[in-house]
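**Student:** Got a file for you: final_23.tsv, TSV, C-alpha atoms.
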```tsv
chain	number	residue	atom	x	y	z
A	23	MET	CA	-115.20	117.32	-77.68
A	24	LYS	CA	-114.66	113.92	-79.28
A	25	LYS	CA	-113.80	115.61	-82.58
A	26	LEU	CA	-111.19	117.78	-80.89
A	27	LEU	CA	-109.63	114.76	-79.18
A	28	LEU	CA	-109.59	112.81	-82.46
A	29	LEU	CA	-108.05	115.76	-84.30
A	30	SER	CA	-105.38	116.12	-81.60
A	31	LEU	CA	-104.60	112.40	-81.79
A	32	LEU	CA	-104.32	112.53	-85.59
A	33	LEU	CA	-102.06	115.57	-85.39
A	34	LEU	CA	-99.77	113.89	-82.85
A	35	THR	CA	-99.65	110.70	-84.94
A	36	ALA	CA	-98.77	112.67	-88.09
A	37	CYS	CA	-95.95	114.45	-86.26
A	38	ALA	CA	-94.61	111.14	-84.97
A	39	MET	CA	-94.79	109.65	-88.47
A	40	THR	CA	-92.40	112.06	-90.13
A	41	VAL	CA	-89.78	110.23	-92.11
A	42	GLU	CA	-86.26	111.52	-92.57
A	43	LYS	CA	-84.60	110.48	-95.81
A	44	PRO	CA	-81.52	108.31	-95.36
A	45	THR	CA	-78.13	109.76	-96.28
A	46	VAL	CA	-75.96	107.97	-98.80
A	47	LYS	CA	-72.19	108.12	-99.21
A	48	ILE	CA	-69.90	106.31	-101.61
A	49	LYS	CA	-67.79	103.95	-99.57
A	50	ASP	CA	-65.79	102.45	-102.46
A	51	VAL	CA	-65.75	102.05	-106.24
A	52	ARG	CA	-63.74	99.09	-107.49
A	53	PHE	CA	-63.08	96.94	-110.51
A	54	ALA	CA	-64.73	93.59	-109.83
A	55	GLY	CA	-63.34	91.75	-112.85
A	56	VAL	CA	-63.25	91.09	-116.55
A	57	ASP	CA	-65.08	88.29	-118.34
A	58	GLY	CA	-66.41	87.49	-121.80
A	59	ARG	CA	-69.17	90.13	-121.57
A	60	GLY	CA	-67.13	93.10	-120.37
A	61	ILE	CA	-65.82	94.78	-117.24
A	62	SER	CA	-67.61	94.81	-113.90
A	63	LEU	CA	-67.52	97.79	-111.54
A	64	ASP	CA	-68.90	97.71	-108.01
A	65	PHE	CA	-70.27	100.84	-106.34
A	66	LEU	CA	-70.35	100.24	-102.58
A	67	LEU	CA	-72.68	102.65	-100.79
A	68	ASP	CA	-73.04	103.45	-97.10
A	69	VAL	CA	-76.72	104.16	-96.43
A	70	THR	CA	-77.56	105.66	-93.03
A	71	ASN	CA	-81.16	105.50	-91.83
A	72	PRO	CA	-81.64	108.31	-89.25
A	73	ASN	CA	-85.12	107.09	-88.29
A	74	SER	CA	-85.85	104.98	-85.23
A	75	PHE	CA	-87.64	102.42	-87.43
A	76	ASP	CA	-86.46	100.16	-90.26
A	77	LEU	CA	-87.05	101.13	-93.89
A	78	PRO	CA	-87.37	98.49	-96.62
A	79	LEU	CA	-85.41	99.06	-99.82
A	80	HIS	CA	-87.60	97.90	-102.71
A	81	GLY	CA	-84.99	98.38	-105.43
A	82	TYR	CA	-83.10	101.05	-107.30
A	83	THR	CA	-82.43	102.51	-110.73
A	84	TYR	CA	-79.08	103.84	-111.88
A	85	ASP	CA	-77.14	105.31	-114.75
A	86	VAL	CA	-73.38	105.53	-114.95
A	87	SER	CA	-71.24	107.79	-117.08
A	88	LEU	CA	-67.55	107.14	-117.60
A	89	MET	CA	-65.35	109.94	-118.91
A	90	ALA	CA	-68.55	112.02	-119.31
A	91	MET	CA	-70.01	109.39	-121.70
A	92	PRO	CA	-73.37	107.96	-120.57
A	93	LEU	CA	-72.80	104.21	-120.86
A	94	VAL	CA	-74.86	102.07	-118.53
A	95	GLN	CA	-78.42	102.21	-117.24
A	96	GLY	CA	-80.18	99.63	-115.17
A	97	GLU	CA	-82.43	98.74	-112.33
A	98	SER	CA	-82.76	96.15	-109.62
A	99	LYS	CA	-85.74	95.00	-107.61
A	100	GLU	CA	-83.41	93.66	-104.92
A	101	SER	CA	-84.88	94.02	-101.43
A	102	GLN	CA	-82.87	94.95	-98.39
A	103	THR	CA	-83.64	96.30	-94.93
A	104	LEU	CA	-82.17	99.62	-93.80
A	105	TYR	CA	-82.19	99.27	-90.03
A	106	GLY	CA	-83.25	102.20	-87.89
A	107	LYS	CA	-80.49	104.43	-86.46
A	108	ALA	CA	-77.88	102.38	-88.34
A	109	SER	CA	-75.71	102.32	-91.46
A	110	THR	CA	-76.10	99.58	-94.05
A	111	ASP	CA	-73.75	98.67	-96.90
A	112	MET	CA	-75.38	98.44	-100.30
A	113	LEU	CA	-73.80	97.26	-103.55
A	114	ILE	CA	-74.67	98.47	-107.06
A	115	PRO	CA	-72.89	96.17	-109.54
A	116	VAL	CA	-72.43	97.60	-113.04
A	117	ARG	CA	-71.26	95.87	-116.22
A	118	ILE	CA	-69.55	97.82	-119.01
A	119	SER	CA	-69.52	96.16	-122.43
A	120	TYR	CA	-66.33	95.72	-124.41
A	121	ALA	CA	-67.69	98.04	-127.11
A	122	ASP	CA	-67.90	100.81	-124.50
A	123	VAL	CA	-64.48	99.93	-123.09
A	124	LEU	CA	-63.02	100.31	-126.58
A	125	LYS	CA	-64.64	103.76	-126.92
A	126	ILE	CA	-62.93	104.80	-123.67
A	127	VAL	CA	-59.54	103.38	-124.71
A	128	GLN	CA	-59.76	105.09	-128.10
A	129	ARG	CA	-60.62	108.38	-126.44
A	130	THR	CA	-57.76	108.28	-123.94
A	131	PRO	CA	-55.10	105.59	-124.46
A	132	GLY	CA	-52.97	104.79	-121.43
A	133	LEU	CA	-55.69	105.79	-118.97
A	134	LYS	CA	-54.79	104.98	-115.34
A	135	GLU	CA	-57.84	106.50	-113.63
A	136	LEU	CA	-61.39	106.41	-114.86
A	137	PRO	CA	-63.67	109.38	-114.05
A	138	TYR	CA	-67.23	108.26	-113.25
A	139	GLN	CA	-70.57	109.76	-112.44
A	140	LEU	CA	-73.27	107.72	-110.70
A	141	ASN	CA	-76.91	108.82	-110.65
A	142	ALA	CA	-79.15	106.45	-108.76
A	143	ASP	CA	-82.53	106.52	-107.06
A	144	LEU	CA	-83.23	104.18	-104.16
A	145	SER	CA	-86.89	103.21	-103.74
A	146	LEU	CA	-87.81	102.96	-100.06
A	147	GLY	CA	-91.03	102.03	-98.31
A	148	THR	CA	-92.12	104.20	-95.39
A	149	PRO	CA	-95.18	104.27	-93.15
A	150	LEU	CA	-96.38	107.16	-95.34
A	151	GLY	CA	-95.74	105.45	-98.70
A	152	LYS	CA	-92.81	105.05	-101.07
A	153	ILE	CA	-90.06	107.64	-101.34
A	154	ALA	CA	-87.09	107.97	-103.67
A	155	VAL	CA	-83.67	108.76	-102.26
A	156	PRO	CA	-81.43	110.28	-104.93
A	157	VAL	CA	-77.74	109.40	-105.10
A	158	ARG	CA	-75.61	111.79	-107.18
A	159	THR	CA	-71.87	111.37	-106.99
A	160	SER	CA	-68.78	111.54	-109.13
A	161	GLY	CA	-65.11	110.74	-108.73
A	162	SER	CA	-62.52	108.52	-110.30
A	163	VAL	CA	-61.49	104.93	-109.82
A	164	THR	CA	-57.93	103.70	-110.29
A	165	ILE	CA	-57.68	101.13	-113.05
A	166	PRO	CA	-55.70	98.09	-111.83
A	167	LYS	CA	-52.56	97.57	-113.89
A	168	GLN	CA	-53.84	94.28	-115.36
A	169	TYR	CA	-56.88	96.16	-116.73
A	170	GLN	CA	-55.10	99.17	-118.20
A	171	SER	CA	-55.41	99.55	-121.95
A	172	GLY	CA	-52.43	97.47	-123.13
A	173	SER	CA	-53.17	94.54	-120.81
A	174	LEU	CA	-56.90	94.77	-121.43
A	175	LEU	CA	-56.49	94.69	-125.20
A	176	ARG	CA	-54.27	91.59	-124.88
A	177	GLN	CA	-56.91	89.89	-122.68
A	178	PHE	CA	-59.62	90.86	-125.14
A	179	GLY	CA	-57.56	89.43	-128.02
A	180	ASN	CA	-57.01	86.20	-126.09
A	181	LEU	CA	-60.75	85.90	-125.45
A	182	LEU	CA	-61.45	86.36	-129.16
A	183	LYS	CA	-58.84	83.74	-130.09
A	184	SER	CA	-60.29	81.21	-127.65
A	185	ALA	CA	-63.79	81.88	-129.02
A	186	ASP	CA	-62.59	81.06	-132.57
A	187	ARG	CA	-61.40	77.59	-131.52
```
For this file, write the structure as structure tokens.

**Tutor:**
Amino acid sequence: MKKLLLLSLLLLTACAMTVEKPTVKIKDVRFAGVDGRGISLDFLLDVTNPNSFDLPLHGYTYDVSLMAMPLVQGESKESQTLYGKASTDMLIPVRISYADVLKIVQRTPGLKELPYQLNADLSLGTPLGKIAVPVRTSGSVTIPKQYQSGSLLRQFGNLLKSADR
């Protein structure tokens, strides 16, 4: 009798411990700036936790392709809490080197929109262990006028001139 009661309790606990994976949507992709190391892009995600309990984000990995060219891979161990029954904003900052920017400009001069593909995996802790939540999305981001190829090349030239001084 005790075994049956224990088995029933374990079964009920296991049913109550099911974890639904959060859903992830791209909220925004934007140019964050240009500096001496390259161009920064920000991927702003909206992560919705459908569970009644909080889930800790332990980090993420990502790779980004621009114009179908795989360019950037990285990871972060940044922690964040995804609150239960709520949406949380999450930022994945990405830096693109000038060498890669030049490849893009050479491929398509005068580009006004930049097609991207983001593949990321969010690492979440759950009561049942770690899970990975995949993020697979693509789209295009409008290149601000000051960063379009002619302006960007002028800025790059100015940075090189100032470095020579």

**Student:** Compare A:Val157, A:Leu150, A:Leu124, A:Ala142 by their minimum atom-to-atom distance to Glu42 of chain A, counting all atoms listed in the file, and give me the closest one.

**Tutor:**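 Closest residue, counting all atoms listed in the file: A:Leu150.
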
**Student:** Dig up all the protein and nucleic acid residues within 7 Å of (-74.7, 103.3, -102.4) in the file frame, using all atoms listed in the file, and format them as a PyMOL selection string.

**Tutor:** chain A and resi 46-48+65-69+112-114

**Student:** Using only C-alpha atoms, which of the listed residues (A:Gln95, A:Thr164, A:Thr70, A:Thr40) sits closest to Asp111 of chain A?

**Tutor:**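 So, comparing all the options, the nearest one is A:Thr70.
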
**Student:** Can you work out the spacing between atom CA of Asn141 of chain A and atom CA of Ser87 of chain A in Å, to one decimal?

**Tutor:**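 So the answer is 8.6 Å.
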
**Student:** Pick the closest to Gly161 of chain A from A:Thr103, A:Lys125, A:Thr83, A:Met89: which is it, counting only C-alpha atoms?

**Tutor:**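 Residue with the minimum atom-to-atom distance to Gly161 of chain A: A:Met89.
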
**Student:** Restricting the calculation to all atoms listed in the file, which member of A:Asp64, A:Ile118, A:Lys107, A:Glu97 is positioned closest to Val163 of chain A?

**Tutor:**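 Nearest to Val163 of chain A: A:Asp64.
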
**Student:** Hey, can you pull every residue with an atom no more than 12 Å from (-86.5, 110.3, -91.1), using only C-alpha atoms, and send it as a list in words?

**Tutor:** Cys37, Ala38, Met39, Thr40, Val41, Glu42, Lys43, Pro44, Thr45, Thr70, Asn71, Pro72, Asn73, Ser74, Phe75, Asp76, Leu77, Leu104, Tyr105, Gly106, Lys107, Leu146, Gly147, Thr148, Pro149, Leu150, Ile153 and Val155 of chain A

**Student:** Grab the atom CA of Pro156 of chain A to atom CA of Asp85 of chain A distance for me, in Å with one decimal place.

**Tutor:**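 Atom CA of Pro156 of chain A sits 11.8 Å away from atom CA of Asp85 of chain A.
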
**Student:** Just the number, please: distance in Å from atom CA of Tyr138 of chain A to atom CA of Ser162 of chain A, one decimal.

**Tutor:**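 Between these atoms lies a distance of 5.6 Å.
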
**Student:** Draw an axis-aligned box over all listed atoms of segment 58-71 of chain A, pad each side with 4 Å, and write its centre and edge lengths in Å, one decimal, as JSON.

**Tutor:**
```
{"center_x": -73.5, "center_y": 96.6, "center_z": -106.8, "size_x": 23.3, "size_y": 26.2, "size_z": 38.0}
```
